[in-house]
file run-v5.cif (mmCIF, C-alpha atoms)
data_work
#
loop_
_atom_site.group_PDB
_atom_site.id
_atom_site.type_symbol
_atom_site.label_atom_id
_atom_site.label_comp_id
_atom_site.auth_asym_id
_atom_site.auth_seq_id
_atom_site.Cartn_x
_atom_site.Cartn_y
_atom_site.Cartn_z
ATOM 1 C CA MET W 179 -8.783 14.137 6.920
ATOM 2 C CA ARG W 180 -10.989 12.615 9.604
ATOM 3 C CA VAL W 181 -13.998 14.441 8.224
ATOM 4 C CA ARG W 182 -13.297 13.104 4.732
ATOM 5 C CA ARG W 183 -12.968 9.535 6.016
ATOM 6 C CA LEU W 184 -16.220 9.913 7.973
ATOM 7 C CA ILE W 185 -18.038 11.247 4.889
ATOM 8 C CA ALA W 186 -16.649 8.357 2.815
ATOM 9 C CA ARG W 187 -17.660 5.781 5.448
ATOM 10 C CA LEU W 188 -21.203 7.151 5.531
ATOM 11 C CA PHE W 189 -21.402 7.279 1.742
ATOM 12 C CA TRP W 190 -20.304 3.649 1.286
ATOM 13 C CA THR W 191 -22.533 2.476 4.152
ATOM 14 C CA PHE W 192 -25.681 3.903 2.583
ATOM 15 C CA SER W 193 -24.846 3.695 -1.135
ATOM 16 C CA ARG W 194 -26.402 0.954 -3.241
ATOM 17 C CA TRP W 195 -23.013 0.818 -5.007
ATOM 18 C CA LYS W 196 -20.244 -1.313 -3.499
ATOM 19 C CA LEU W 197 -16.588 -0.402 -3.188
ATOM 20 C CA VAL W 198 -14.560 -3.341 -4.529
ATOM 21 C CA THR W 199 -10.978 -2.259 -4.831
ATOM 22 C CA GLU W 200 -7.316 -3.078 -4.920
ATOM 23 C CA PRO W 201 -5.331 -1.329 -2.180
ATOM 24 C CA ALA W 202 -4.397 2.305 -2.793
ATOM 25 C CA PRO W 203 -1.113 2.724 -4.682
ATOM 26 C CA THR W 204 1.857 3.335 -2.399
ATOM 27 C CA ARG W 205 3.420 5.950 -4.686
ATOM 28 C CA PRO W 206 2.159 8.778 -6.888
ATOM 29 C CA THR W 207 0.157 7.563 -9.867
ATOM 30 C CA ILE W 208 -2.069 8.709 -12.695
ATOM 31 C CA LEU W 209 -5.491 7.389 -11.729
ATOM 32 C CA ILE W 210 -7.795 6.806 -14.678
ATOM 33 C CA GLY W 211 -11.481 7.297 -13.870
ATOM 34 C CA ALA W 212 -13.428 5.337 -16.479
ATOM 35 C CA PRO W 213 -15.863 4.786 -17.988
ATOM 36 C CA HIS W 214 -16.792 8.415 -17.258
ATOM 37 C CA THR W 215 -20.484 8.400 -18.113
ATOM 38 C CA SER W 216 -22.171 10.426 -15.369
ATOM 39 C CA ASN W 217 -21.660 13.266 -12.903
ATOM 40 C CA TRP W 218 -21.919 10.583 -10.205
ATOM 41 C CA ASP W 219 -18.417 9.496 -11.233
ATOM 42 C CA PHE W 220 -17.061 12.550 -9.403
ATOM 43 C CA VAL W 221 -18.800 11.500 -6.181
ATOM 44 C CA PHE W 222 -17.515 7.934 -6.572
ATOM 45 C CA MET W 223 -13.974 9.199 -7.146
ATOM 46 C CA LEU W 224 -14.036 11.288 -3.969
ATOM 47 C CA GLY W 225 -15.587 8.371 -2.063
ATOM 48 C CA ILE W 226 -12.822 6.011 -3.192
ATOM 49 C CA ALA W 227 -9.994 8.466 -2.499
ATOM 50 C CA TRP W 228 -11.314 9.529 0.887
ATOM 51 C CA LYS W 229 -12.031 5.955 1.996
ATOM 52 C CA LEU W 230 -8.520 4.834 0.971
ATOM 53 C CA ASP W 231 -6.968 8.019 2.443
ATOM 54 C CA MET W 232 -5.371 8.982 -0.884
ATOM 55 C CA HIS W 233 -3.984 12.475 -1.569
ATOM 56 C CA ILE W 234 -5.388 13.221 -5.019
ATOM 57 C CA ARG W 235 -5.622 16.044 -7.490
ATOM 58 C CA TRP W 236 -8.093 15.900 -10.364
ATOM 59 C CA LEU W 237 -8.621 17.678 -13.646
ATOM 60 C CA GLY W 238 -11.951 19.412 -14.271
ATOM 61 C CA LYS W 239 -13.339 21.831 -16.837
ATOM 62 C CA LYS W 240 -12.611 25.409 -15.798
ATOM 63 C CA SER W 241 -16.325 26.303 -15.606
ATOM 64 C CA LEU W 242 -16.518 24.156 -12.429
ATOM 65 C CA PHE W 243 -14.159 26.652 -10.764
ATOM 66 C CA ARG W 244 -16.189 29.809 -11.387
ATOM 67 C CA GLY W 245 -17.740 31.821 -8.588
ATOM 68 C CA TRP W 246 -18.353 30.316 -5.165
ATOM 69 C CA ARG W 247 -17.496 26.789 -6.391
ATOM 70 C CA GLY W 248 -13.882 27.684 -7.200
ATOM 71 C CA PRO W 249 -12.458 27.589 -3.675
ATOM 72 C CA ILE W 250 -14.392 24.396 -2.866
ATOM 73 C CA MET W 251 -13.224 22.608 -6.002
ATOM 74 C CA THR W 252 -9.632 23.694 -5.403
ATOM 75 C CA ARG W 253 -9.798 22.614 -1.745
ATOM 76 C CA ILE W 254 -10.860 19.089 -2.703
ATOM 77 C CA GLY W 255 -8.016 18.777 -5.209
ATOM 78 C CA GLY W 256 -9.273 20.296 -8.448
ATOM 79 C CA ILE W 257 -7.041 21.671 -11.195
ATOM 80 C CA PRO W 258 -8.982 23.703 -13.791
ATOM 81 C CA VAL W 259 -8.610 22.711 -17.442
ATOM 82 C CA ASP W 260 -8.981 25.215 -20.256
ATOM 83 C CA ARG W 261 -10.341 23.043 -23.058
ATOM 84 C CA ASP W 262 -9.080 25.569 -25.603
ATOM 85 C CA ALA W 263 -5.469 24.890 -24.476
ATOM 86 C CA PRO W 264 -5.327 21.286 -23.202
ATOM 87 C CA GLY W 265 -1.582 20.950 -23.890
ATOM 88 C CA ARG W 266 -0.908 23.618 -21.285
ATOM 89 C CA VAL W 267 -2.519 21.398 -18.627
ATOM 90 C CA VAL W 268 -0.168 18.518 -19.439
ATOM 91 C CA GLU W 269 2.822 20.885 -19.123
ATOM 92 C CA GLU W 270 1.531 22.307 -15.802
ATOM 93 C CA VAL W 271 0.918 18.890 -14.262
ATOM 94 C CA VAL W 272 4.293 17.565 -15.422
ATOM 95 C CA ALA W 273 5.963 20.659 -13.906
ATOM 96 C CA ARG W 274 4.157 20.124 -10.566
ATOM 97 C CA ILE W 275 5.253 16.500 -10.421
ATOM 98 C CA ARG W 276 8.842 17.291 -11.387
ATOM 99 C CA SER W 277 8.970 20.010 -8.708
ATOM 100 C CA GLY W 278 8.374 17.326 -6.098
ATOM 101 C CA GLU W 279 4.660 17.806 -5.403
ATOM 102 C CA THR W 280 3.330 14.381 -4.401
ATOM 103 C CA PHE W 281 -0.214 13.367 -5.309
ATOM 104 C CA GLY W 282 -2.249 10.930 -7.317
ATOM 105 C CA LEU W 283 -3.734 12.600 -10.375
ATOM 106 C CA VAL W 284 -7.259 11.574 -11.357
ATOM 107 C CA VAL W 285 -7.956 11.890 -15.084
ATOM 108 C CA THR W 286 -11.113 10.992 -17.007
ATOM 109 C CA PRO W 287 -9.677 10.384 -20.466
ATOM 110 C CA ASP W 288 -13.019 9.874 -22.157
ATOM 111 C CA GLY W 289 -13.605 13.561 -21.587
ATOM 112 C CA THR W 290 -17.137 14.881 -21.661
ATOM 113 C CA ARG W 291 -18.962 11.568 -21.201
ATOM 114 C CA LYS W 292 -20.497 11.413 -24.695
ATOM 115 C CA GLY W 293 -20.036 12.586 -28.237
ATOM 116 C CA HIS W 294 -16.419 11.432 -28.603
ATOM 117 C CA SER W 295 -15.019 8.523 -30.565
ATOM 118 C CA HIS W 296 -11.791 8.181 -28.577
ATOM 119 C CA TRP W 297 -10.052 8.908 -25.286
ATOM 120 C CA LYS W 298 -7.934 12.023 -24.844
ATOM 121 C CA SER W 299 -4.242 11.170 -24.573
ATOM 122 C CA GLY W 300 -3.162 13.629 -21.850
ATOM 123 C CA PHE W 301 -3.111 10.907 -19.187
ATOM 124 C CA TYR W 302 -0.737 8.828 -21.318
ATOM 125 C CA ARG W 303 1.578 11.763 -22.089
ATOM 126 C CA ILE W 304 1.748 12.798 -18.415
ATOM 127 C CA ALA W 305 2.518 9.225 -17.333
ATOM 128 C CA ARG W 306 5.235 8.819 -19.987
ATOM 129 C CA GLU W 307 6.859 12.209 -19.290
ATOM 130 C CA THR W 308 6.945 11.706 -15.510
ATOM 131 C CA GLY W 309 7.500 7.945 -15.334
ATOM 132 C CA LEU W 310 4.378 7.551 -13.201
ATOM 133 C CA PRO W 311 2.341 4.351 -13.437
ATOM 134 C CA LEU W 312 -1.375 4.218 -14.314
ATOM 135 C CA THR W 313 -3.941 3.014 -11.794
ATOM 136 C CA LEU W 314 -7.148 1.835 -13.450
ATOM 137 C CA GLY W 315 -10.153 3.155 -11.532
ATOM 138 C CA TYR W 316 -13.596 2.008 -12.606
ATOM 139 C CA VAL W 317 -17.368 2.316 -12.335
ATOM 140 C CA ASP W 318 -19.460 -0.685 -13.390
ATOM 141 C CA ARG W 319 -23.254 -0.596 -13.457
ATOM 142 C CA ASN W 320 -23.394 -4.311 -14.346
ATOM 143 C CA THR W 321 -22.101 -5.273 -10.905
ATOM 144 C CA MET W 322 -22.928 -1.993 -9.097
ATOM 145 C CA THR W 323 -19.275 -1.741 -8.075
ATOM 146 C CA VAL W 324 -16.613 0.931 -8.163
ATOM 147 C CA GLY W 325 -12.989 0.878 -7.157
ATOM 148 C CA LEU W 326 -9.383 0.693 -8.175
ATOM 149 C CA GLY W 327 -8.052 -2.010 -10.432
ATOM 150 C CA PRO W 328 -4.406 -2.781 -11.086
ATOM 151 C CA THR W 329 -1.590 -0.256 -11.268
ATOM 152 C CA ILE W 330 0.436 -0.733 -14.443
ATOM 153 C CA GLU W 331 3.714 0.583 -15.806
ATOM 154 C CA LEU W 332 3.625 1.858 -19.377
ATOM 155 C CA SER W 333 5.907 0.254 -21.944
ATOM 156 C CA GLY W 334 5.877 3.152 -24.413
ATOM 157 C CA ASP W 335 4.188 0.980 -27.038
ATOM 158 C CA VAL W 336 0.884 2.872 -27.239
ATOM 159 C CA SER W 337 -1.089 0.036 -28.865
ATOM 160 C CA ALA W 338 0.184 -2.609 -26.431
ATOM 161 C CA ASP W 339 -0.439 -0.369 -23.414
ATOM 162 C CA MET W 340 -3.928 0.507 -24.623
ATOM 163 C CA ASP W 341 -4.661 -3.193 -25.265
ATOM 164 C CA ARG W 342 -3.976 -3.836 -21.556
ATOM 165 C CA ILE W 343 -6.243 -0.937 -20.608
ATOM 166 C CA ARG W 344 -8.998 -2.099 -23.008
ATOM 167 C CA THR W 345 -8.832 -5.609 -21.553
ATOM 168 C CA PHE W 346 -9.425 -4.273 -18.036
ATOM 169 C CA TYR W 347 -12.316 -2.003 -19.062
ATOM 170 C CA ALA W 348 -13.923 -4.471 -21.524
ATOM 171 C CA ASP W 349 -16.607 -5.555 -19.037
ATOM 172 C CA LYS W 350 -17.017 -2.176 -17.251
ATOM 173 C CA ALA W 351 -20.189 -0.346 -18.263
ATOM 174 C CA GLY W 352 -20.014 2.959 -16.373
ATOM 175 C CA ALA W 353 -22.958 4.438 -14.464
ATOM 176 C CA VAL W 354 -24.777 5.228 -17.748
ATOM 177 C CA PRO W 355 -23.734 2.446 -20.158
ATOM 178 C CA ALA W 356 -25.083 4.238 -23.246
ATOM 179 C CA ASN W 357 -22.439 6.976 -22.771
ATOM 180 C CA ARG W 358 -19.461 4.609 -22.634
ATOM 181 C CA ILE W 359 -16.561 5.251 -25.023
ATOM 182 C CA GLU W 360 -14.200 2.446 -26.035
ATOM 183 C CA PRO W 361 -10.701 3.046 -24.570
ATOM 184 C CA ARG W 362 -8.853 4.023 -27.737
ATOM 185 C CA LEU W 363 -6.542 6.974 -28.427
ATOM 186 C CA ARG W 364 -6.722 9.110 -31.569
ATOM 187 C CA GLU W 365 -3.198 7.911 -32.396
ATOM 188 C CA GLU W 366 -4.578 4.389 -32.702
ATOM 189 C CA LEU W 367 -7.389 5.498 -35.020
ATOM 190 C CA GLY W 368 -4.964 7.002 -37.515
ATOM 191 C CA THR W 369 -6.796 10.362 -37.566
#

call {"tool": "encode", "arguments": {"input": "run-v5.cif", "output": "structure tokens"}}
result
Amino acid sequence: MRVRRLIARLFWTFSRWKLVTEPAPTRPTILIGAPHTSNWDFVFMLGIAWKLDMHIRWLGKKSLFRGWRGPIMTRIGGIPVDRDAPGRVVEEVVARIRSGETFGLVVTPDGTRKGHSHWKSGFYRIARETGLPLTLGYVDRNTMTVGLGPTIELSGDVSADMDRIRTFYADKAGAVPANRIEPRLREELGT
């Protein structure tokens, strides 16, 4: 852990981005990483978690875990996602949490950074099924800041919960603003 904190301290000292954050949640949470518009978001996420000394797990496409990268990605908290069976990931994560494993789960609900019209709903389903709150993590090129926003409890009213999330992210541009996706679930689009 000391090495991680040292790496994070060095990163934030020399980065042109600033860490502006709420304190780390004091209990397990689903941490949304949004807007997810660049591969730099991964570096920012590790920098935030390591600086705040958070025990996190994160979801990543299974191709990131192939070959020599697999053990490294797993060591820094990665859980591979098979995009052909995304429901299985939700079930696996819920089972881990219910078994007593304690961690914050980082999810990038806008998926692959571009080409989508909506957020994926796995983060919402996991939070509802486990009773975990959502912590709103962000990247904002407008202010060159990254960090954690508020931690919120879900009400179960998808539209009302997503309205709260949209309000928080309304002025957040992501590292590459052109790739930003409006925080909206397919269920809200009626498709």

call {"tool": "resolve_selection", "arguments": {"input": "run-v5.cif", "expression": "the PyMOL selection byres ((chain W and resi 313) around 7)", "output": "PyMOL selection string"}}
result
chain W and resi 207-210+311-312+314-315+326-330

call {"tool": "residues_around", "arguments": {"input": "run-v5.cif", "residues": "Leu188 (chain W)", "least_positions_apart": "5", "cutoff": "10 Å", "atoms": "only C-alpha atoms", "output": "PDB file with C-alpha atoms, in the coordinates of the input"}}
result
ATOM      1  CA  ARG W 182     -13.297  13.104   4.732  1.00  0.00           C
ATOM      2  CA  ARG W 183     -12.968   9.535   6.016  1.00  0.00           C
ATOM      3  CA  SER W 193     -24.846   3.695  -1.135  1.00  0.00           C
ATOM      4  CA  GLY W 225     -15.587   8.371  -2.063  1.00  0.00           C
ATOM      5  CA  LYS W 229     -12.031   5.955   1.996  1.00  0.00           C
TER       6      LYS W 229
END

call {"tool": "resolve_selection", "arguments": {"input": "run-v5.cif", "expression": "the PyMOL selection byres ((chain W and resi 355) around 12)", "output": "ChimeraX atom specification"}}
result
/W:212-216,291-292,317-320,322,349-354,356-360

call {"tool": "axis_aligned_box", "arguments": {"input": "run-v5.cif", "around": "region 315-322 of chain W", "padding_each_side": "4 Å", "output": "lines of an AutoDock Vina configuration file"}}
result
center_x = -16.8
center_y = -1.1
center_z = -11.7
size_x = 21.2
size_y = 16.4
size_z = 13.2

call {"tool": "residues_around", "arguments": {"input": "run-v5.cif", "residues": "Ile234 (chain W)", "least_positions_apart": "2", "cutoff": "7 Å", "atoms": "all atoms listed in the file", "output": "ChimeraX atom specification"}}
result
/W:232,236,255,281-284

call {"tool": "residues_around", "arguments": {"input": "run-v5.cif", "residues": "Lys239 (chain W)", "least_positions_apart": "2", "cutoff": "12 Å", "atoms": "all atoms listed in the file", "output": "JSON, numbers by chain"}}
result
{"W": [236, 237, 241, 242, 243, 244, 248, 251, 256, 257, 258, 259, 260, 261, 262, 263, 264, 267, 285, 286, 289, 290]}

call {"tool": "atom_distance", "arguments": {"input": "run-v5.cif", "atom1": "CA of Trp297 (chain W)", "atom2": "CA of Arg364 (chain W)"}}
result
7.1 Å

call {"tool": "closest_residue", "arguments": {"input": "run-v5.cif", "among": "W:Arg274, W:Pro203, W:Ile304, W:Pro287", "to": "Gly238 (chain W)", "atoms": "all atoms listed in the file"}}
result
W:Pro287

call {"tool": "closest_residue", "arguments": {"input": "run-v5.cif", "among": "W:Trp228, W:Asp341, W:Trp190, W:Val272", "to": "Ile254 (chain W)", "atoms": "only C-alpha atoms"}}
result
W:Trp228

call {"tool": "closest_residue", "arguments": {"input": "run-v5.cif", "among": "W:Tyr316, W:Arg187, W:Lys196, W:Val271", "to": "Asp231 (chain W)", "atoms": "all atoms listed in the file"}}
result
W:Arg187
